[in-house]
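Participant: Next comes the structure file upload-v5.csv, holding CSV, C-alpha atoms and all ligand atoms.
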```csv
chain,number,residue,atom,x,y,z
A,29,MET,CA,133.9,105.3,144.9
A,30,LYS,CA,131.5,102.6,146.1
A,31,LYS,CA,128.4,101.8,144.0
A,32,ILE,CA,125.0,100.3,144.9
A,33,LEU,CA,123.1,98.2,142.3
A,34,ALA,CA,119.3,98.2,142.9
A,35,PHE,CA,116.2,96.4,141.6
A,36,GLU,CA,112.5,97.3,141.9
A,37,THR,CA,110.1,94.7,140.6
A,38,SER,CA,107.2,94.9,143.1
A,39,CYS,CA,104.5,95.5,140.5
A,40,ASP,CA,104.6,96.2,136.7
A,41,ASP,CA,107.9,97.8,136.1
A,42,THR,CA,111.3,96.1,135.8
A,43,ALA,CA,113.6,98.8,137.1
A,44,VAL,CA,117.3,98.7,137.7
A,45,ALA,CA,119.7,101.6,138.8
A,46,ILE,CA,123.2,102.2,140.0
A,47,ILE,CA,124.1,105.0,142.3
A,48,ASP,CA,127.4,106.0,144.0
A,49,GLU,CA,128.1,106.4,147.7
A,50,ARG,CA,127.0,110.1,147.5
A,51,GLY,CA,123.6,109.0,146.1
A,52,ASP,CA,124.3,110.3,142.6
A,53,VAL,CA,122.6,108.4,139.8
A,54,LEU,CA,125.1,106.7,137.5
A,55,ALA,CA,122.5,104.9,135.4
A,56,GLU,CA,118.8,103.9,135.5
A,57,CYS,CA,116.6,101.9,133.2
A,58,ILE,CA,112.9,100.8,133.4
A,59,ALA,CA,111.1,98.2,131.2
A,60,SER,CA,107.4,99.0,131.6
A,61,GLN,CA,104.8,96.2,131.2
A,62,ILE,CA,101.9,98.6,130.5
A,63,LYS,CA,101.3,97.0,127.1
A,64,GLU,CA,101.2,93.4,128.5
A,65,HIS,CA,98.6,94.3,131.1
A,66,ALA,CA,96.6,96.8,129.1
A,67,PRO,CA,94.0,94.3,127.7
A,68,TYR,CA,93.1,93.3,131.3
A,69,LEU,CA,92.7,96.9,132.5
A,70,GLY,CA,94.9,96.2,135.5
A,71,VAL,CA,98.0,94.3,136.6
A,72,VAL,CA,97.9,90.5,136.2
A,73,PRO,CA,100.5,89.0,138.6
A,74,GLU,CA,101.4,85.9,136.5
A,75,ILE,CA,101.9,88.0,133.4
A,76,GLY,CA,104.0,90.4,135.5
A,77,SER,CA,106.3,87.7,136.9
A,78,ARG,CA,106.9,86.3,133.4
A,79,ALA,CA,107.7,89.7,132.0
A,80,HIS,CA,110.1,90.5,134.9
A,81,ILE,CA,112.0,87.2,134.2
A,82,GLU,CA,112.2,88.1,130.5
A,83,GLN,CA,113.4,91.7,131.1
A,84,ILE,CA,115.6,91.7,134.2
A,85,VAL,CA,118.8,90.6,132.5
A,86,HIS,CA,118.4,93.1,129.6
A,87,VAL,CA,117.6,96.0,131.9
A,88,THR,CA,120.6,95.1,134.2
A,89,ASN,CA,122.9,95.0,131.1
A,90,ALA,CA,121.5,98.3,130.0
A,91,VAL,CA,122.5,100.1,133.3
A,92,PHE,CA,126.0,98.5,133.1
A,93,LEU,CA,126.4,99.7,129.6
A,94,GLU,CA,125.1,103.2,130.4
A,95,SER,CA,127.3,103.6,133.5
A,96,LYS,CA,130.3,102.0,131.8
A,97,LEU,CA,130.7,99.9,134.9
A,98,SER,CA,131.1,96.1,135.3
A,99,PRO,CA,129.5,93.9,138.0
A,100,ARG,CA,132.9,93.8,139.7
A,101,ASP,CA,132.5,97.6,140.4
A,102,VAL,CA,129.4,97.0,142.6
A,103,SER,CA,129.9,97.2,146.4
A,104,ALA,CA,126.3,96.3,147.5
A,105,VAL,CA,123.1,95.1,145.9
A,106,ALA,CA,119.5,96.0,146.9
A,107,ALA,CA,116.0,94.9,146.0
A,108,THR,CA,112.4,95.6,147.0
A,109,CYS,CA,111.3,92.7,149.2
A,110,ALA,CA,107.9,94.1,150.5
A,111,PRO,CA,105.1,94.9,150.0
A,112,GLY,CA,103.9,94.1,146.5
A,113,LEU,CA,102.9,91.2,144.2
A,114,LEU,CA,104.7,88.0,145.4
A,115,GLY,CA,105.8,86.7,142.0
A,116,PRO,CA,107.2,90.0,140.8
A,117,LEU,CA,108.9,90.6,144.1
A,118,LEU,CA,110.5,87.2,144.0
A,119,VAL,CA,112.1,87.8,140.6
A,120,GLY,CA,113.9,90.9,141.6
A,121,ALA,CA,114.9,89.7,145.1
A,122,GLN,CA,116.2,86.3,143.9
A,123,PHE,CA,118.2,88.0,141.1
A,124,ALA,CA,119.7,90.4,143.6
A,125,LYS,CA,120.5,87.7,146.1
A,126,GLY,CA,122.2,85.7,143.3
A,127,PHE,CA,124.2,88.7,142.4
A,128,SER,CA,125.2,89.2,146.1
A,129,LEU,CA,126.3,85.6,146.4
A,130,GLY,CA,128.1,85.5,143.1
A,131,HIS,CA,130.0,88.7,143.6
A,132,GLY,CA,130.5,88.5,147.4
A,133,VAL,CA,128.8,91.8,148.1
A,134,PRO,CA,126.2,92.6,150.8
A,135,PHE,CA,122.4,92.3,150.0
A,136,ILE,CA,119.9,94.9,151.3
A,137,ALA,CA,116.2,94.2,151.3
A,138,ILE,CA,114.1,97.3,151.0
A,139,HIS,CA,110.5,98.2,151.9
A,140,HIS,CA,108.8,99.7,148.8
A,141,ILE,CA,107.3,102.7,150.7
A,142,GLU,CA,110.6,103.5,152.3
A,143,GLY,CA,111.9,103.7,148.7
A,144,HIS,CA,109.2,106.2,147.8
A,145,ILE,CA,109.9,108.3,150.9
A,146,PHE,CA,113.6,108.5,150.2
A,147,SER,CA,113.5,108.7,146.3
A,148,GLY,CA,115.1,112.2,146.5
A,149,PHE,CA,117.6,111.4,149.3
A,150,SER,CA,120.9,113.2,148.5
A,151,ASP,CA,119.2,115.4,145.8
A,152,GLU,CA,119.4,119.2,146.3
A,153,GLY,CA,116.6,120.4,148.6
A,154,PHE,CA,115.9,117.0,150.2
A,155,PRO,CA,115.3,117.8,153.9
A,156,ALA,CA,117.0,116.1,156.8
A,157,PRO,CA,114.5,114.3,159.1
A,158,PRO,CA,112.2,114.9,160.9
A,159,PHE,CA,109.7,115.5,158.1
A,160,VAL,CA,106.2,114.4,157.0
A,161,ALA,CA,106.0,112.1,154.0
A,162,LEU,CA,102.9,112.0,151.8
A,163,ILE,CA,103.0,108.9,149.7
A,164,ALA,CA,100.1,108.5,147.2
A,165,SER,CA,100.3,105.8,144.6
A,166,GLY,CA,98.0,103.2,142.9
A,167,GLY,CA,98.3,100.9,145.9
A,168,HIS,CA,99.0,103.2,148.8
A,169,THR,CA,97.9,106.5,150.2
A,170,ALA,CA,99.3,107.4,153.6
A,171,LEU,CA,101.1,110.0,155.7
A,172,TYR,CA,104.2,109.2,157.7
A,173,ARG,CA,106.5,110.9,160.1
A,174,CYS,CA,110.1,110.3,159.2
A,175,ASN,CA,112.0,110.5,162.5
A,176,GLU,CA,115.5,111.8,163.2
A,177,ASP,CA,116.9,108.2,163.1
A,178,PHE,CA,115.2,107.5,159.7
A,179,SER,CA,112.6,105.3,161.3
A,180,THR,CA,109.0,105.9,160.1
A,181,SER,CA,105.7,106.1,161.9
A,182,LEU,CA,102.3,106.0,160.3
A,183,LEU,CA,100.2,109.2,160.9
A,184,GLY,CA,97.2,108.3,158.7
A,185,GLN,CA,96.1,106.3,155.7
A,186,THR,CA,93.3,105.7,153.3
A,187,LEU,CA,90.3,103.8,154.7
A,188,ASP,CA,89.3,102.5,151.3
A,189,ASP,CA,90.7,103.3,147.8
A,190,ALA,CA,94.2,104.7,147.2
A,191,ALA,CA,94.3,108.1,145.4
A,192,GLY,CA,95.9,106.5,142.3
A,193,GLU,CA,93.2,103.8,142.4
A,194,ALA,CA,90.6,106.6,142.4
A,195,PHE,CA,92.2,108.2,139.3
A,196,ASP,CA,92.4,104.7,137.6
A,197,LYS,CA,88.8,103.8,138.3
A,198,ILE,CA,87.5,107.1,137.1
A,199,GLY,CA,89.7,106.7,134.0
A,200,ARG,CA,88.3,103.2,133.4
A,201,ALA,CA,84.8,104.6,133.5
A,202,LEU,CA,85.8,107.2,130.9
A,203,GLY,CA,87.3,104.5,128.7
A,204,PHE,CA,90.9,105.4,129.2
A,205,GLY,CA,93.7,102.7,129.5
A,206,TYR,CA,95.5,101.8,132.7
A,207,PRO,CA,97.0,103.7,134.4
A,208,ALA,CA,94.8,106.7,133.9
A,209,GLY,CA,96.2,109.3,136.3
A,210,LYS,CA,98.5,111.0,133.7
A,211,ILE,CA,95.7,111.2,131.1
A,212,ILE,CA,93.3,112.8,133.6
A,213,ASP,CA,96.0,115.2,134.7
A,214,LYS,CA,96.4,116.3,131.0
A,215,LEU,CA,92.7,116.8,130.4
A,216,ALA,CA,92.2,118.5,133.7
A,217,ARG,CA,94.5,121.3,132.7
A,218,LEU,CA,92.0,122.3,130.0
A,219,GLY,CA,88.9,122.1,132.3
A,220,GLU,CA,87.1,124.2,134.9
A,221,PRO,CA,87.6,122.6,138.4
A,222,SER,CA,84.6,124.4,140.0
A,223,ARG,CA,82.1,123.0,137.4
A,224,PHE,CA,81.3,119.9,139.5
A,225,SER,CA,81.4,119.8,143.3
A,226,PHE,CA,82.8,116.5,144.5
A,227,PRO,CA,83.1,115.6,148.2
A,228,VAL,CA,86.4,115.9,150.1
A,229,ALA,CA,85.9,113.1,152.7
A,230,LEU,CA,86.9,113.2,156.4
A,231,LYS,CA,87.7,116.9,156.1
A,232,HIS,CA,86.3,117.7,159.6
A,233,HIS,CA,87.4,114.5,161.3
A,234,ASP,CA,90.2,114.2,163.8
A,235,GLY,CA,93.3,112.4,162.5
A,236,CYS,CA,95.0,112.2,159.1
A,237,ASP,CA,93.1,109.4,157.3
A,238,PHE,CA,91.8,109.6,153.8
A,239,SER,CA,88.8,108.2,152.0
A,240,PHE,CA,88.4,108.2,148.2
A,241,SER,CA,85.6,105.7,147.5
A,242,GLY,CA,82.7,108.2,148.1
A,243,LEU,CA,84.3,110.7,145.7
A,244,LYS,CA,84.9,107.9,143.1
A,245,THR,CA,81.2,106.8,143.3
A,246,ARG,CA,80.0,110.4,142.9
A,247,VAL,CA,82.2,110.9,139.8
A,248,LEU,CA,81.0,107.7,138.3
A,249,GLU,CA,77.4,108.7,138.8
A,250,THR,CA,78.1,112.1,137.2
A,251,ILE,CA,79.7,110.4,134.2
A,252,LYS,CA,76.5,108.3,133.7
A,253,GLN,CA,74.2,111.4,134.1
A,254,HIS,CA,76.1,113.3,131.4
A,255,ALA,CA,76.8,110.4,129.0
A,256,PRO,CA,77.8,110.8,126.2
A,257,LEU,CA,80.3,113.4,127.5
A,258,ASP,CA,81.1,116.3,125.2
A,259,LYS,CA,84.8,117.5,125.2
A,260,THR,CA,84.2,120.4,127.6
A,261,THR,CA,82.3,118.3,130.1
A,262,LEU,CA,85.0,115.7,130.0
A,263,GLN,CA,87.7,118.2,130.7
A,264,ASP,CA,85.6,119.9,133.5
A,265,LEU,CA,84.9,116.5,135.1
A,266,CYS,CA,88.6,115.6,135.1
A,267,ALA,CA,89.5,119.0,136.5
A,268,SER,CA,86.8,118.8,139.3
A,269,ALA,CA,87.7,115.2,140.3
A,270,GLN,CA,91.4,116.0,140.3
A,271,GLU,CA,90.7,119.1,142.4
A,272,ALA,CA,88.9,117.1,145.1
A,273,ILE,CA,91.7,114.5,145.3
A,274,ALA,CA,94.4,117.2,145.4
A,275,LEU,CA,92.4,119.1,148.1
A,276,ALA,CA,92.0,115.9,150.2
A,277,LEU,CA,95.8,115.2,149.9
A,278,SER,CA,97.0,118.7,150.7
A,279,ASP,CA,94.4,119.3,153.6
A,280,ARG,CA,95.4,116.1,155.3
A,281,CYS,CA,99.1,116.7,154.7
A,282,MET,CA,98.9,120.1,156.5
A,283,LYS,CA,97.1,118.5,159.4
A,284,ALA,CA,99.9,115.9,159.6
A,285,VAL,CA,102.6,118.6,159.7
A,286,ARG,CA,100.9,120.1,162.8
A,287,ALA,CA,100.4,116.7,164.4
A,288,ALA,CA,104.0,115.6,163.8
A,289,ASN,CA,105.5,119.0,164.7
A,290,VAL,CA,107.8,119.2,161.8
A,291,GLN,CA,108.9,121.9,159.3
A,292,ALA,CA,109.3,119.9,156.1
A,293,VAL,CA,107.2,117.8,153.7
A,294,VAL,CA,108.4,115.2,151.2
A,295,VAL,CA,106.0,113.6,148.7
A,296,GLY,CA,106.3,110.4,146.6
A,297,GLY,CA,104.3,107.8,144.7
A,298,GLY,CA,102.8,108.1,141.2
A,299,VAL,CA,100.1,110.7,142.3
A,300,ALA,CA,103.0,113.0,143.4
A,301,ALA,CA,103.5,113.5,139.7
A,302,ASN,CA,100.1,115.2,139.4
A,303,SER,CA,100.4,118.8,138.4
A,304,ARG,CA,97.5,120.1,140.6
A,305,VAL,CA,98.8,118.1,143.7
A,306,ARG,CA,102.2,119.6,143.2
A,307,ASP,CA,100.8,123.2,142.8
A,308,LEU,CA,98.5,123.0,145.7
A,309,LEU,CA,101.2,121.6,148.0
A,310,THR,CA,103.6,124.2,146.9
A,311,GLU,CA,101.1,127.0,147.6
A,312,ARG,CA,100.2,125.6,151.0
A,313,CYS,CA,103.8,124.9,152.2
A,314,LEU,CA,104.8,128.3,151.1
A,315,ALA,CA,102.0,129.9,153.0
A,316,GLN,CA,103.0,128.0,156.2
A,317,GLY,CA,106.7,128.6,155.8
A,318,LEU,CA,107.4,124.9,155.3
A,319,THR,CA,110.1,123.3,153.2
A,320,LEU,CA,108.6,121.1,150.5
A,321,TYR,CA,110.5,118.5,148.5
A,322,LEU,CA,108.9,117.4,145.2
A,323,PRO,CA,110.8,114.5,143.5
A,324,LYS,CA,111.5,114.6,139.7
A,325,ILE,CA,108.5,113.2,137.9
A,326,ARG,CA,110.3,110.0,136.8
A,327,HIS,CA,111.2,109.3,140.5
A,328,CYS,CA,107.5,109.7,141.6
A,329,THR,CA,106.3,106.5,139.9
A,330,ASP,CA,108.0,103.2,140.7
A,331,ASN,CA,111.8,103.2,139.9
A,332,ALA,CA,115.0,101.6,141.2
A,333,VAL,CA,116.8,104.9,142.1
A,334,MET,CA,114.5,105.1,145.1
A,335,ILE,CA,115.4,101.6,146.2
A,336,ALA,CA,119.1,102.3,145.8
A,337,ARG,CA,118.8,105.5,147.9
A,338,ALA,CA,116.9,103.8,150.6
A,339,ALA,CA,119.6,101.1,150.6
A,340,LEU,CA,122.3,103.8,150.9
A,341,ILE,CA,120.6,105.1,154.1
A,342,LYS,CA,120.6,101.5,155.4
A,343,MET,CA,124.3,101.1,154.6
A,344,ARG,CA,125.1,104.3,156.4
A,345,LEU,CA,123.2,103.1,159.4
A,346,GLY,CA,125.3,99.9,159.3
A,347,LEU,CA,122.3,97.7,158.2
A,348,VAL,CA,122.4,94.8,155.7
A,349,SER,CA,120.1,91.8,155.1
A,350,ASP,CA,120.4,88.1,155.5
A,351,LEU,CA,120.1,86.2,152.2
A,352,GLN,CA,117.4,84.1,153.9
A,353,VAL,CA,115.1,87.1,154.2
A,354,ASP,CA,111.7,86.3,152.5
A,355,VAL,CA,109.7,88.6,150.2
A,356,ARG,CA,106.3,89.6,151.7
A,357,ALA,CA,103.1,90.7,149.9
A,358,ASN,CA,102.2,92.8,153.0
A,359,LEU,CA,104.5,94.4,155.6
A,360,SER,CA,103.7,97.6,157.4
A,361,ILE,CA,106.4,100.2,157.2
A,362,GLU,CA,106.8,100.1,161.0
A,363,ARG,CA,108.0,96.5,160.6
A,364,ALA,CA,110.4,97.4,157.8
A,365,ASN,CA,113.3,96.8,160.3
A,366,GLU,CA,112.5,93.1,160.0
A,367,LEU,CA,114.1,93.2,156.6
A,368,THR,CA,117.6,94.2,157.8
A,369,ILE,CA,120.1,93.3,160.5
A,370,ALA,CA,123.0,95.2,162.0
A,371,GLN,CA,126.1,94.3,160.0
A,372,MET,CA,128.9,92.5,162.0
A,373,SER,CA,131.8,94.7,163.0
A,374,SER,CA,133.6,95.0,159.8
A,375,SER,CA,136.4,97.6,160.0
A,376,SER,CA,138.5,95.1,158.0
A,377,ASN,CA,135.9,95.0,155.2
A,378,SER,CA,135.9,98.3,153.4
A,379,GLU,CA,133.2,97.2,150.9
A,380,LEU,CA,130.7,97.4,153.7
A,381,ASP,CA,131.7,100.8,155.0
A,382,PHE,CA,129.4,103.4,153.5
A,383,THR,CA,129.5,105.8,156.5
B,401,LIG,O1,104.0,104.7,142.5
B,401,LIG,P1,103.3,104.0,141.3
B,401,LIG,O2,104.1,104.0,140.0
B,401,LIG,O3,102.9,102.6,141.6
B,401,LIG,C1,102.4,102.1,142.8
B,401,LIG,O4,103.2,101.8,143.7
B,401,LIG,O5,101.1,102.0,142.8
B,401,LIG,O6,101.9,104.8,141.0
B,401,LIG,C2,101.1,104.5,140.0
B,401,LIG,C3,99.8,105.3,140.2
B,401,LIG,C4,98.7,105.0,139.2
B,401,LIG,O7,97.5,104.8,139.9
B,401,LIG,C5,98.7,106.2,138.2
B,401,LIG,O8,97.4,106.4,137.7
B,401,LIG,C6,99.1,107.3,139.2
B,401,LIG,O9,100.1,106.7,140.0
B,401,LIG,N1,99.7,108.5,138.4
B,401,LIG,C7,99.1,109.7,138.4
B,401,LIG,C8,99.9,110.5,137.6
B,401,LIG,N2,100.9,109.8,137.1
B,401,LIG,C9,100.8,108.5,137.7
B,401,LIG,N3,98.0,110.1,139.1
B,401,LIG,C10,97.6,111.4,138.9
B,401,LIG,N4,98.3,112.3,138.1
B,401,LIG,C11,99.4,111.9,137.4
B,401,LIG,N5,100.1,112.7,136.7
B,402,ZN,ZN,105.1,102.5,144.3
```
Rewrite the structure of this file - the entire thing - as structure tokens.
Facilitator:
Amino acid sequence: MKKILAFETSCDDTAVAIIDERGDVLAECIASQIKEHAPYLGVVPEIGSRAHIEQIVHVTNAVFLESKLSPRDVSAVAATCAPGLLGPLLVGAQFAKGFSLGHGVPFIAIHHIEGHIFSGFSDEGFPAPPFVALIASGGHTALYRCNEDFSTSLLGQTLDDAAGEAFDKIGRALGFGYPAGKIIDKLARLGEPSRFSFPVALKHHDGCDFSFSGLKTRVLETIKQHAPLDKTTLQDLCASAQEAIALALSDRCMKAVRAANVQAVVVGGGVAANSRVRDLLTERCLAQGLTLYLPKIRHCTDNAVMIARAALIKMRLGLVSDLQVDVRANLSIERANELTIAQMSSSSNSELDFT
């Protein structure tokens, strides 16, 4: 059975995975850089690049060990090539290109957001397109229509902060480390979400855009007003802020479903791991008779399985990448097709045939 080796190094995780041609995960491993970046309360690109260089061989060896496979068993290699931090992207992409050249297997350059959208592809319950994808992470918050041919169109996006960024900035003001979403999620479960009323921006506007900076400012003001926060106030504040973010995400997602005329929703990105976001979306999709796909928690945040599965879709569509393809810090999802080319007619080359 054919195997895809994939790398994700666009930010602060060195992630490697191997899947088979059905999309099943044979091995996955992530080396997190949270400790290296923690003193700076955010990701430092130079530190990230160095850590990726130090880790990538170890993490790759770990997935070969876990899967009991050898590099000779790999039929294609993929890496995130856009968008992200240039140095970190370069490390994963160059390593994957070197592997491609060294082992004579095709290389597939993947758009990070396509990875998030298709992280559950081939898992039970993952819908066939068309569907709406809500991707909410530390760097992105947007709604897309995934079309029948697996192309993607943007329906709406944040006009300022990403949802994960709002969680992280609120967390920073509360003295938590980076990233803070998971800690706020935990505290919020013990709090009262109706104690503070925070704004859900753009609720009555046309379109599917988001805005989180007003909410963030109001939460930061409330923190100052109540300082020093007692335990109950801290829990209530986390629950109320989380509720406003979850309401904004689910409101806009339901609007996007109507605009895109689809019956299914897929979520992804670190904020898709949030318990209230998951519950509210489950409630609303059930009420509307929509199919909802929620990825496993470990496949919400950055990982390499999502890159491998996006690559599997490309292979099935007969797409590969030129080794000359450059990494890019910014590239809209609508231009993700610039990363791949139609493979040459290759009926004689069974390695390339994933259909
Ligand atoms: O997708 P991801 O790993 O990286 C980016 O591409 O940005 O997302 C990381 C973001 C961080 O902002 C983190 O605070 C947030 O996802 N996050 C959460 C939760 N787990 C991670 N936010 C809310 N609740 C969570 N449980
Ligand atoms: Zn991401």
Participant: At a cut-off of 7 Å and counting all atoms listed in the file, what residues surround ligand LIG 401 (chain B)? Please answer as number ranges by chain.
Facilitator: A: 165-168, 192-193, 195-196, 207-210, 212-213, 297-299, 301-303, 328-330
Participant: Nearest to ligand ZN 402 (chain B): which of A:Arg344, A:His144, A:Arg280, A:Arg286 is it, counting all atoms listed in the file?
Facilitator: A:His144
Participant: For a quick check of understanding, using all atoms listed in the file, which of A:Ile84, A:Leu243, A:Ile163, A:Val295 has the smallest distance to ligand ZN 402 (chain B)?
Facilitator: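 That would be A:Ile163, the residue with the smallest distance to ligand ZN 402 (chain B).
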Participant: Given the point (100.6, 121.6, 156.5) in the file's coordinates, find the residues that have an atom at most 7 Å from it, counting only C-alpha atoms, and give them as a list in words.
Facilitator: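 Result, sorted by chain then residue number: Cys281, Met282, Lys283, Ala284, Val285, Arg286, Arg312, Cys313 and Gln316 of chain A.
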Participant: For C-alpha atoms, I'd like the residues from the last selection saved as an mmCIF file, in the frame of the given file.
Facilitator:
```cif
data_model
loop_
_atom_site.group_PDB
_atom_site.id
_atom_site.type_symbol
_atom_site.label_atom_id
_atom_site.label_comp_id
_atom_site.auth_asym_id
_atom_site.auth_seq_id
_atom_site.Cartn_x
_atom_site.Cartn_y
_atom_site.Cartn_z
ATOM 1 C CA CYS A 281 99.100 116.700 154.700
ATOM 2 C CA MET A 282 98.900 120.100 156.500
ATOM 3 C CA LYS A 283 97.100 118.500 159.400
ATOM 4 C CA ALA A 284 99.900 115.900 159.600
ATOM 5 C CA VAL A 285 102.600 118.600 159.700
ATOM 6 C CA ARG A 286 100.900 120.100 162.800
ATOM 7 C CA ARG A 312 100.200 125.600 151.000
ATOM 8 C CA CYS A 313 103.800 124.900 152.200
ATOM 9 C CA GLN A 316 103.000 128.000 156.200
#
```
Participant: Taking only C-alpha atoms into account, which of A:Val91, A:Leu314, A:Leu351, A:Ile58 comes nearest A:Cys109?
Facilitator: A:Leu351
